[in-house]
$ cat entry_36.txt   # compact mmCIF, C-alpha atoms
# COMPACT_ATOMS: atom_id res chain seq x y z
CA MET A 543 126.59 115.58 85.66
CA LEU A 544 123.49 113.59 86.60
CA ARG A 545 122.34 111.12 83.98
CA ILE A 546 118.61 110.48 83.76
CA MET A 547 117.94 108.05 80.94
CA SER A 548 114.15 107.65 80.87
CA LEU A 549 110.94 107.85 82.87
CA GLN A 550 110.50 104.11 82.29
CA PRO A 551 109.91 101.94 84.18
CA LEU A 552 107.36 104.16 85.91
CA ARG A 553 106.55 103.09 89.46
CA PRO A 554 102.84 103.96 89.86
CA GLU A 555 101.36 105.61 92.92
CA ALA A 556 100.39 103.02 95.53
CA VAL A 557 98.53 105.07 98.16
CA ALA A 558 97.26 108.12 96.25
CA GLY A 559 93.57 108.63 96.93
CA SER A 560 93.82 107.02 100.37
CA TRP A 561 96.89 108.28 102.23
CA TYR A 562 96.90 111.60 100.35
CA PRO A 563 94.67 113.28 97.71
CA ASP A 564 94.95 111.98 94.16
CA ARG A 565 93.63 115.18 92.57
CA PRO A 566 96.60 117.40 91.67
CA ALA A 567 95.06 120.74 92.61
CA VAL A 568 93.79 119.45 95.95
CA LEU A 569 97.12 117.80 96.79
CA ALA A 570 99.17 120.86 95.84
CA ALA A 571 96.93 123.14 97.91
CA GLU A 572 97.17 120.90 100.97
CA VAL A 573 100.96 120.57 100.79
CA ASP A 574 101.34 124.32 100.19
CA ARG A 575 99.10 125.08 103.17
CA PHE A 576 101.27 122.95 105.45
CA LEU A 577 104.43 124.62 104.12
CA SER A 578 102.95 128.08 104.65
CA GLU A 579 102.45 127.36 108.36
CA VAL A 580 106.18 126.74 108.97
CA SER A 581 108.60 129.31 110.37
CA ASP A 582 112.19 129.50 111.65
CA THR A 583 113.96 126.75 109.73
CA PRO A 584 117.66 126.69 108.82
CA PRO A 585 118.67 128.08 105.41
CA ALA A 586 118.50 125.47 102.64
CA GLU A 587 122.16 125.87 101.71
CA THR A 588 123.18 124.72 105.21
CA VAL A 589 121.18 121.46 105.14
CA LEU A 590 122.59 118.09 104.07
CA GLY A 591 119.99 115.73 105.54
CA LEU A 592 116.43 115.50 106.82
CA VAL A 593 114.15 113.25 108.81
CA ALA A 594 110.47 113.33 107.83
CA PRO A 595 107.49 111.15 108.82
CA HIS A 596 105.43 109.01 106.45
CA ALA A 597 101.92 108.58 107.82
CA GLY A 598 98.78 109.76 106.04
CA LEU A 599 99.19 113.34 104.85
CA MET A 600 96.52 114.81 107.11
CA TYR A 601 98.28 113.36 110.16
CA SER A 602 102.00 113.70 109.47
CA GLY A 603 101.96 116.38 106.78
CA PRO A 604 101.98 119.31 109.24
CA VAL A 605 105.21 117.90 110.74
CA ALA A 606 106.85 116.82 107.47
CA ALA A 607 106.36 120.36 106.17
CA TRP A 608 108.91 121.61 108.72
CA ALA A 609 111.57 119.40 107.19
CA TYR A 610 110.75 120.25 103.59
CA ARG A 611 110.31 123.98 104.13
CA ALA A 612 113.94 123.99 105.29
CA VAL A 613 115.15 122.86 101.86
CA GLN A 614 112.67 124.65 99.60
CA GLY A 615 114.47 125.91 96.51
CA GLY A 616 117.77 124.55 97.79
CA PRO A 617 120.88 123.90 95.68
CA PHE A 618 120.51 120.13 95.37
CA ASP A 619 121.35 117.92 92.39
CA VAL A 620 119.76 114.78 93.81
CA VAL A 621 117.61 113.64 96.74
CA VAL A 622 118.48 110.25 98.20
CA LEU A 623 115.47 108.76 100.02
CA VAL A 624 115.99 106.05 102.64
CA GLY A 625 112.93 104.45 104.24
CA PRO A 626 111.88 101.25 105.97
CA SER A 627 110.10 98.42 104.19
CA HIS A 628 106.75 97.75 105.87
CA ARG A 629 105.30 95.10 103.55
CA VAL A 630 108.20 93.04 102.17
CA GLY A 631 110.88 91.33 104.23
CA PHE A 632 114.44 91.08 102.90
CA ASP A 633 118.04 91.56 103.89
CA GLY A 634 119.96 94.66 102.94
CA VAL A 635 118.68 97.67 101.01
CA ALA A 636 116.44 97.55 97.93
CA LEU A 637 117.27 100.09 95.21
CA TYR A 638 114.85 101.22 92.51
CA PRO A 639 117.59 101.92 89.97
CA ARG A 640 116.02 103.62 86.97
CA GLY A 641 112.91 105.22 85.52
CA ALA A 642 110.68 107.36 87.74
CA PHE A 643 108.19 107.39 90.59
CA ASP A 644 104.80 108.73 89.55
CA THR A 645 102.78 111.21 91.62
CA PRO A 646 99.55 113.14 91.04
CA LEU A 647 101.81 116.19 90.59
CA GLY A 648 103.87 114.51 87.87
CA PRO A 649 106.62 111.89 87.76
CA ILE A 650 109.91 112.30 89.61
CA PRO A 651 112.83 110.86 87.64
CA ILE A 652 115.56 108.71 89.16
CA ALA A 653 119.17 109.82 88.94
CA GLU A 654 120.54 106.64 87.42
CA ASP A 655 124.23 107.47 87.71
CA VAL A 656 123.87 108.22 91.42
CA ALA A 657 121.90 105.00 91.87
CA VAL A 658 124.74 103.06 90.25
CA ALA A 659 127.34 104.82 92.39
CA ILE A 660 125.47 103.93 95.59
CA ARG A 661 125.00 100.31 94.52
CA GLU A 662 128.71 100.02 93.77
CA ALA A 663 129.75 101.70 97.04
CA THR A 664 128.24 99.11 99.39
CA PRO A 665 127.39 95.42 99.08
CA VAL A 666 124.18 95.79 101.12
CA VAL A 667 122.43 97.66 98.29
CA HIS A 668 120.84 95.55 95.56
CA GLU A 669 118.38 96.29 92.77
CA ASP A 670 114.84 95.22 93.67
CA MET A 671 111.92 97.07 92.12
CA THR A 672 109.28 94.70 93.50
CA ALA A 673 110.02 95.71 97.11
CA HIS A 674 108.96 99.26 96.21
CA ARG A 675 105.66 98.30 94.58
CA SER A 676 103.31 98.88 97.53
CA GLU A 677 105.56 100.69 100.00
CA HIS A 678 104.40 104.06 101.34
CA SER A 679 107.43 105.25 103.33
CA LEU A 680 109.12 106.89 100.35
CA GLU A 681 105.95 107.72 98.43
CA MET A 682 104.74 109.99 101.25
CA GLN A 683 107.80 112.21 100.71
CA LEU A 684 107.10 112.81 97.04
CA PRO A 685 104.27 115.39 97.19
CA PHE A 686 106.51 117.63 99.28
CA LEU A 687 109.48 117.13 96.97
CA ARG A 688 107.37 118.05 93.95
CA ARG A 689 106.52 121.37 95.62
CA VAL A 690 109.87 122.34 97.18
CA LEU A 691 112.38 120.80 94.72
CA PRO A 692 110.28 120.26 91.59
CA THR A 693 113.12 119.50 89.17
CA THR A 694 115.42 117.48 91.44
CA PRO A 695 115.69 113.73 90.72
CA ILE A 696 115.69 111.06 93.40
CA VAL A 697 117.32 107.77 94.35
CA PRO A 698 114.85 105.50 96.23
CA LEU A 699 116.26 103.08 98.84
CA LEU A 700 114.26 100.76 101.11
CA MET A 701 115.88 99.13 104.12
CA GLY A 702 114.67 95.61 104.89
CA SER A 703 115.94 93.97 108.07
CA GLN A 704 117.53 96.85 109.93
CA SER A 705 120.65 95.03 111.11
CA GLU A 706 123.58 97.04 112.39
CA ASP A 707 125.76 95.79 109.53
CA THR A 708 123.21 97.06 107.01
CA ILE A 709 122.82 100.41 108.75
CA LEU A 710 126.55 101.06 109.04
CA SER A 711 127.40 99.82 105.56
CA LEU A 712 124.68 101.93 103.96
CA GLY A 713 125.75 105.06 105.83
CA ASP A 714 129.37 104.58 104.82
CA GLY A 715 128.44 103.72 101.24
CA LEU A 716 126.26 106.80 100.86
CA ALA A 717 129.11 108.99 102.06
CA VAL A 718 131.46 107.51 99.44
CA ALA A 719 128.96 107.65 96.57
CA LEU A 720 127.77 111.20 97.29
CA GLU A 721 131.17 112.81 97.88
CA GLY A 722 131.44 115.89 95.66
CA ARG A 723 127.72 115.95 94.81
CA ARG A 724 125.13 118.42 96.04
CA ALA A 725 122.96 115.72 97.56
CA LEU A 726 120.11 115.92 100.06
CA LEU A 727 119.65 112.83 102.24
CA VAL A 728 116.16 112.08 103.56
CA ALA A 729 115.36 109.47 106.21
CA SER A 730 111.68 108.51 106.32
CA SER A 731 110.50 107.46 109.78
CA ASP A 732 107.64 107.65 112.22
CA LEU A 733 108.38 107.28 115.92
CA SER A 734 106.49 105.27 118.56
CA HIS A 735 103.21 103.58 117.65
CA TYR A 736 99.91 103.39 119.55
CA LEU A 737 101.02 104.44 123.02
CA GLU A 738 99.11 106.94 125.15
CA ALA A 739 100.33 110.41 124.24
CA ARG A 740 102.35 111.09 127.40
CA ALA A 741 104.00 107.68 127.24
CA ALA A 742 104.70 108.20 123.54
CA ALA A 743 106.35 111.55 124.20
CA ALA A 744 108.64 109.96 126.81
CA VAL A 745 109.63 107.14 124.46
CA ASP A 746 110.08 109.49 121.51
CA ARG A 747 112.29 111.77 123.60
CA GLU A 748 115.01 109.10 123.50
CA VAL A 749 115.17 109.44 119.72
CA ILE A 750 114.65 113.21 119.66
CA ASP A 751 117.49 113.91 122.09
CA ARG A 752 120.01 111.87 120.10
CA VAL A 753 118.97 113.49 116.84
CA ASP A 754 119.26 116.95 118.43
CA GLN A 755 122.69 115.98 119.78
CA PHE A 756 123.70 114.66 116.34
CA ASP A 757 124.68 111.35 117.93
CA PRO A 758 124.11 108.49 115.48
CA GLU A 759 126.05 106.03 117.62
CA GLY A 760 123.91 106.88 120.64
CA LEU A 761 120.76 106.50 118.59
CA LEU A 762 121.93 103.15 117.27
CA ALA A 763 122.54 101.96 120.83
CA ALA A 764 119.09 103.16 121.90
CA LEU A 765 117.47 101.35 119.00
CA ARG A 766 119.45 98.22 119.78
CA ALA A 767 117.83 98.21 123.21
CA LYS A 768 114.37 99.24 122.01
CA PRO A 769 113.97 98.86 118.23
CA ASP A 770 110.29 99.84 118.28
CA HIS A 771 111.18 103.45 119.14
CA ALA A 772 111.16 104.30 115.42
CA CYS A 773 110.04 102.26 112.43
CA GLY A 774 112.71 103.96 110.33
CA GLY A 775 115.40 104.07 113.00
CA GLY A 776 117.92 102.34 110.74
CA PRO A 777 117.41 104.86 107.93
CA ILE A 778 117.80 107.73 110.41
CA VAL A 779 121.14 106.40 111.70
CA ALA A 780 122.44 105.70 108.18
CA VAL A 781 121.49 109.20 107.02
CA MET A 782 123.06 110.80 110.10
CA ARG A 783 126.33 108.93 109.56
CA ALA A 784 126.45 109.79 105.87
CA ALA A 785 125.58 113.44 106.49
CA ARG A 786 128.33 113.70 109.10
CA SER A 787 130.89 112.25 106.71
CA LEU A 788 129.74 114.73 104.04
CA GLY A 789 130.23 117.73 106.31
CA ALA A 790 127.21 118.07 108.60
CA ARG A 791 128.13 119.21 112.08
CA ALA A 792 124.81 119.51 113.91
CA GLY A 793 121.31 118.15 114.16
CA ARG A 794 118.17 120.12 114.85
CA VAL A 795 114.72 118.77 115.65
CA LEU A 796 112.35 121.17 113.94
CA ARG A 797 108.98 119.81 115.03
CA TYR A 798 107.41 117.04 117.09
CA ALA A 799 103.74 116.08 117.24
CA ASP A 800 101.54 113.02 117.40
CA SER A 801 98.50 111.77 115.52
CA GLY A 802 96.24 112.78 118.37
CA ASP A 803 96.92 116.43 117.60
CA VAL A 804 94.84 115.90 114.46
CA SER A 805 92.43 113.11 115.45
CA GLY A 806 91.80 114.30 119.00
CA ASN A 807 92.39 110.76 120.27
CA LYS A 808 95.33 110.82 122.69
CA THR A 809 94.89 107.26 123.98
CA ALA A 810 96.87 105.57 121.16
CA VAL A 811 99.04 107.84 119.04
CA VAL A 812 101.85 107.68 116.48
CA GLY A 813 104.75 110.07 117.01
CA TYR A 814 106.11 112.27 114.22
CA MET A 815 109.40 114.20 114.03
CA ALA A 816 110.91 116.58 111.51
CA ALA A 817 114.65 117.18 111.78
CA ALA A 818 117.58 118.55 109.79
CA PHE A 819 121.32 117.84 109.72
CA GLY A 820 123.80 120.35 108.42
CA VAL A 821 126.30 123.11 109.11
CA PHE A 822 123.93 125.54 110.88

$ encode --input "entry_36.txt" --output "structure tokens"
Amino acid sequence: MLRIMSLQPLRPEAVAGSWYPDRPAVLAAEVDRFLSEVSDTPPAETVLGLVAPHAGLMYSGPVAAWAYRAVQGGPFDVVVLVGPSHRVGFDGVALYPRGAFDTPLGPIPIAEDVAVAIREATPVVHEDMTAHRSEHSLEMQLPFLRRVLPTTPIVPLLMGSQSEDTILSLGDGLAVALEGRRALLVASSDLSHYLEARAAAAVDREVIDRVDQFDPEGLLAALRAKPDHACGGGPIVAVMRAARSLGARAGRVLRYADSGDVSGNKTAVVGYMAAAFGVF
């Protein structure tokens, strides 16, 4: 049984009102509109993991919706979020261990017992609330979670330096800690940054193909050669490895787009991917 002690400490919203609307009705309507435009996703009960982007909602929201529509109403006890740290440098993985993350749609509590189990399963995870203070990579997932899994608690994890030891240890530790739980793993990542759209699509294809082939080792090797292919490449590999250990047998890229599809500027784009891992 999940143990959720308290909504305190409450991690306040960091980018509400800038990266996404801070008015609840406006935010809910925008997220619901993106979700309504999705079709042909795997059934929620077959999904163990996701990849979703984390740019401003107007840019990456139409892609992220493909990931979250796949798990809407799914049978999950906990969502484990793994994202990159953009603003704070550190080794290992920073865990926000208790309390809740606030959103304009209401706070999302942290599953404290799962957080403890993950921390105890791998030495690379340590408690560090300050690393989460201004980070957007996990926060951008929360409006979707409030709409598709409104009562499911989370465990927030930020990866600092994305060393191979950290990636592998986190993936293995997640598999141990989540064994026997109905957990959804979410890797938060954008793809290439500020290339011309055709060049971006070619670079992003190296990540997309390995995700579609459900090949975490191949993706890790590709990122070793070119780490700028994905800002959350380490989280993606860790989530893929953990999902595989927990029973996933396939990957499926659900949607790919770039920021120019919204802005109209194709000269310098950011790539976005939605993907799922499971038994489909």

$ closest_residue --input "entry_36.txt" --among "A:Pro585, A:Gly625, A:Gly616, A:Pro604" --to "Glu572 (chain A)" --atoms "only C-alpha atoms"
A:Pro604

$ closest_residue --input "entry_36.txt" --among "A:Val630, A:Val690, A:Ala653, A:Ala739" --to "Ala586 (chain A)" --atoms "all atoms listed in the file"
A:Val690

$ atom_distance --input "entry_36.txt" --atom1 "CA of Gly702 (chain A)" --atom2 "CA of Pro758 (chain A)"
19.2 Å

$ closest_residue --input "entry_36.txt" --among "A:Leu647, A:Val593, A:Leu687, A:Ala817" --to "Val568 (chain A)" --atoms "all atoms listed in the file"
A:Leu647

$ residues_around --input "entry_36.txt" --residues "region 679-686 of chain A" --least-positions-apart "2" --cutoff "8 Å" --atoms "all atoms listed in the file" --output "list in words"
Glu555, Ala556, Val557, Leu569, Ala570, Val573, Ala594, His596, Ala597, Gly598, Leu599, Ala607, Tyr610, Leu623, Val624, Gly625, Pro626, Ser627, His628, Thr645, Leu647, Ile650, Glu677, Arg688, Arg689, Val690, Pro698, Ser730 and Ser731 of chain A

$ build_atoms --input "entry_36.txt" --residues "region 587-619 of chain A" --atoms "N, CA and C atoms" --output "PDB file, keeping the file's coordinate frame"
ATOM      1  N   GLU A 587     120.780 126.141 102.104  1.00  0.00           N
ATOM      2  CA  GLU A 587     122.160 125.870 101.710  1.00  0.00           C
ATOM      3  C   GLU A 587     122.983 125.290 102.857  1.00  0.00           C
ATOM      4  N   THR A 588     122.455 125.293 104.072  1.00  0.00           N
ATOM      5  CA  THR A 588     123.180 124.720 105.210  1.00  0.00           C
ATOM      6  C   THR A 588     122.767 123.287 105.518  1.00  0.00           C
ATOM      7  N   VAL A 589     121.768 122.762 104.816  1.00  0.00           N
ATOM      8  CA  VAL A 589     121.180 121.460 105.140  1.00  0.00           C
ATOM      9  C   VAL A 589     121.738 120.374 104.236  1.00  0.00           C
ATOM     10  N   LEU A 590     122.148 119.253 104.832  1.00  0.00           N
ATOM     11  CA  LEU A 590     122.590 118.090 104.070  1.00  0.00           C
ATOM     12  C   LEU A 590     121.649 116.903 104.227  1.00  0.00           C
ATOM     13  N   GLY A 591     120.867 116.866 105.316  1.00  0.00           N
ATOM     14  CA  GLY A 591     119.990 115.730 105.540  1.00  0.00           C
ATOM     15  C   GLY A 591     118.738 116.119 106.293  1.00  0.00           C
ATOM     16  N   LEU A 592     117.705 115.283 106.163  1.00  0.00           N
ATOM     17  CA  LEU A 592     116.430 115.500 106.820  1.00  0.00           C
ATOM     18  C   LEU A 592     115.913 114.196 107.412  1.00  0.00           C
ATOM     19  N   VAL A 593     115.030 114.327 108.393  1.00  0.00           N
ATOM     20  CA  VAL A 593     114.150 113.250 108.810  1.00  0.00           C
ATOM     21  C   VAL A 593     112.726 113.761 108.642  1.00  0.00           C
ATOM     22  N   ALA A 594     111.866 112.956 108.020  1.00  0.00           N
ATOM     23  CA  ALA A 594     110.470 113.330 107.830  1.00  0.00           C
ATOM     24  C   ALA A 594     109.598 112.106 108.039  1.00  0.00           C
ATOM     25  N   PRO A 595     108.384 112.291 108.571  1.00  0.00           N
ATOM     26  CA  PRO A 595     107.490 111.150 108.820  1.00  0.00           C
ATOM     27  C   PRO A 595     106.774 110.707 107.548  1.00  0.00           C
ATOM     28  N   HIS A 596     106.039 109.591 107.653  1.00  0.00           N
ATOM     29  CA  HIS A 596     105.430 109.010 106.450  1.00  0.00           C
ATOM     30  C   HIS A 596     104.033 108.459 106.682  1.00  0.00           C
ATOM     31  N   ALA A 597     103.300 109.012 107.635  1.00  0.00           N
ATOM     32  CA  ALA A 597     101.920 108.580 107.820  1.00  0.00           C
ATOM     33  C   ALA A 597     101.025 109.293 106.808  1.00  0.00           C
ATOM     34  N   GLY A 598      99.702 109.065 106.910  1.00  0.00           N
ATOM     35  CA  GLY A 598      98.780 109.760 106.040  1.00  0.00           C
ATOM     36  C   GLY A 598      98.996 111.260 106.090  1.00  0.00           C
ATOM     37  N   LEU A 599      98.815 111.934 104.963  1.00  0.00           N
ATOM     38  CA  LEU A 599      99.190 113.340 104.850  1.00  0.00           C
ATOM     39  C   LEU A 599      98.494 114.217 105.878  1.00  0.00           C
ATOM     40  N   MET A 600      97.231 113.951 106.155  1.00  0.00           N
ATOM     41  CA  MET A 600      96.520 114.810 107.110  1.00  0.00           C
ATOM     42  C   MET A 600      97.102 114.695 108.511  1.00  0.00           C
ATOM     43  N   TYR A 601      97.718 113.564 108.835  1.00  0.00           N
ATOM     44  CA  TYR A 601      98.280 113.360 110.160  1.00  0.00           C
ATOM     45  C   TYR A 601      99.724 113.834 110.263  1.00  0.00           C
ATOM     46  N   SER A 602     100.573 113.378 109.348  1.00  0.00           N
ATOM     47  CA  SER A 602     102.000 113.700 109.470  1.00  0.00           C
ATOM     48  C   SER A 602     102.432 114.867 108.596  1.00  0.00           C
ATOM     49  N   GLY A 603     101.590 115.281 107.668  1.00  0.00           N
ATOM     50  CA  GLY A 603     101.960 116.380 106.780  1.00  0.00           C
ATOM     51  C   GLY A 603     102.338 117.667 107.487  1.00  0.00           C
ATOM     52  N   PRO A 604     101.594 118.072 108.554  1.00  0.00           N
ATOM     53  CA  PRO A 604     101.980 119.310 109.240  1.00  0.00           C
ATOM     54  C   PRO A 604     103.378 119.246 109.862  1.00  0.00           C
ATOM     55  N   VAL A 605     103.855 118.048 110.207  1.00  0.00           N
ATOM     56  CA  VAL A 605     105.210 117.900 110.740  1.00  0.00           C
ATOM     57  C   VAL A 605     106.222 117.789 109.603  1.00  0.00           C
ATOM     58  N   ALA A 606     105.929 116.963 108.602  1.00  0.00           N
ATOM     59  CA  ALA A 606     106.850 116.820 107.470  1.00  0.00           C
ATOM     60  C   ALA A 606     107.137 118.154 106.808  1.00  0.00           C
ATOM     61  N   ALA A 607     106.173 119.049 106.801  1.00  0.00           N
ATOM     62  CA  ALA A 607     106.360 120.360 106.170  1.00  0.00           C
ATOM     63  C   ALA A 607     107.531 121.121 106.786  1.00  0.00           C
ATOM     64  N   TRP A 608     107.788 120.913 108.081  1.00  0.00           N
ATOM     65  CA  TRP A 608     108.910 121.610 108.720  1.00  0.00           C
ATOM     66  C   TRP A 608     110.246 121.153 108.151  1.00  0.00           C
ATOM     67  N   ALA A 609     110.351 119.873 107.820  1.00  0.00           N
ATOM     68  CA  ALA A 609     111.570 119.400 107.190  1.00  0.00           C
ATOM     69  C   ALA A 609     111.710 119.952 105.780  1.00  0.00           C
ATOM     70  N   TYR A 610     110.643 119.877 105.006  1.00  0.00           N
ATOM     71  CA  TYR A 610     110.750 120.250 103.590  1.00  0.00           C
ATOM     72  C   TYR A 610     110.791 121.751 103.365  1.00  0.00           C
ATOM     73  N   ARG A 611     110.196 122.530 104.260  1.00  0.00           N
ATOM     74  CA  ARG A 611     110.310 123.980 104.130  1.00  0.00           C
ATOM     75  C   ARG A 611     111.767 124.407 104.288  1.00  0.00           C
ATOM     76  N   ALA A 612     112.539 123.646 105.066  1.00  0.00           N
ATOM     77  CA  ALA A 612     113.940 123.990 105.290  1.00  0.00           C
ATOM     78  C   ALA A 612     114.797 123.853 104.038  1.00  0.00           C
ATOM     79  N   VAL A 613     114.338 123.071 103.063  1.00  0.00           N
ATOM     80  CA  VAL A 613     115.150 122.860 101.860  1.00  0.00           C
ATOM     81  C   VAL A 613     114.478 123.419 100.609  1.00  0.00           C
ATOM     82  N   GLN A 614     113.406 124.146 100.766  1.00  0.00           N
ATOM     83  CA  GLN A 614     112.670 124.650  99.600  1.00  0.00           C
ATOM     84  C   GLN A 614     113.565 125.524  98.727  1.00  0.00           C
ATOM     85  N   GLY A 615     113.646 125.171  97.441  1.00  0.00           N
ATOM     86  CA  GLY A 615     114.470 125.910  96.510  1.00  0.00           C
ATOM     87  C   GLY A 615     115.960 125.739  96.704  1.00  0.00           C
ATOM     88  N   GLY A 616     116.365 124.732  97.469  1.00  0.00           N
ATOM     89  CA  GLY A 616     117.770 124.550  97.790  1.00  0.00           C
ATOM     90  C   GLY A 616     118.617 124.078  96.619  1.00  0.00           C
ATOM     91  N   PRO A 617     119.947 124.160  96.783  1.00  0.00           N
ATOM     92  CA  PRO A 617     120.880 123.900  95.680  1.00  0.00           C
ATOM     93  C   PRO A 617     121.253 122.433  95.547  1.00  0.00           C
ATOM     94  N   PHE A 618     120.258 121.569  95.353  1.00  0.00           N
ATOM     95  CA  PHE A 618     120.510 120.130  95.370  1.00  0.00           C
ATOM     96  C   PHE A 618     120.423 119.541  93.962  1.00  0.00           C
ATOM     97  N   ASP A 619     121.360 118.633  93.673  1.00  0.00           N
ATOM     98  CA  ASP A 619     121.350 117.920  92.390  1.00  0.00           C
ATOM     99  C   ASP A 619     120.550 116.635  92.457  1.00  0.00           C
TER     100      ASP A 619
END
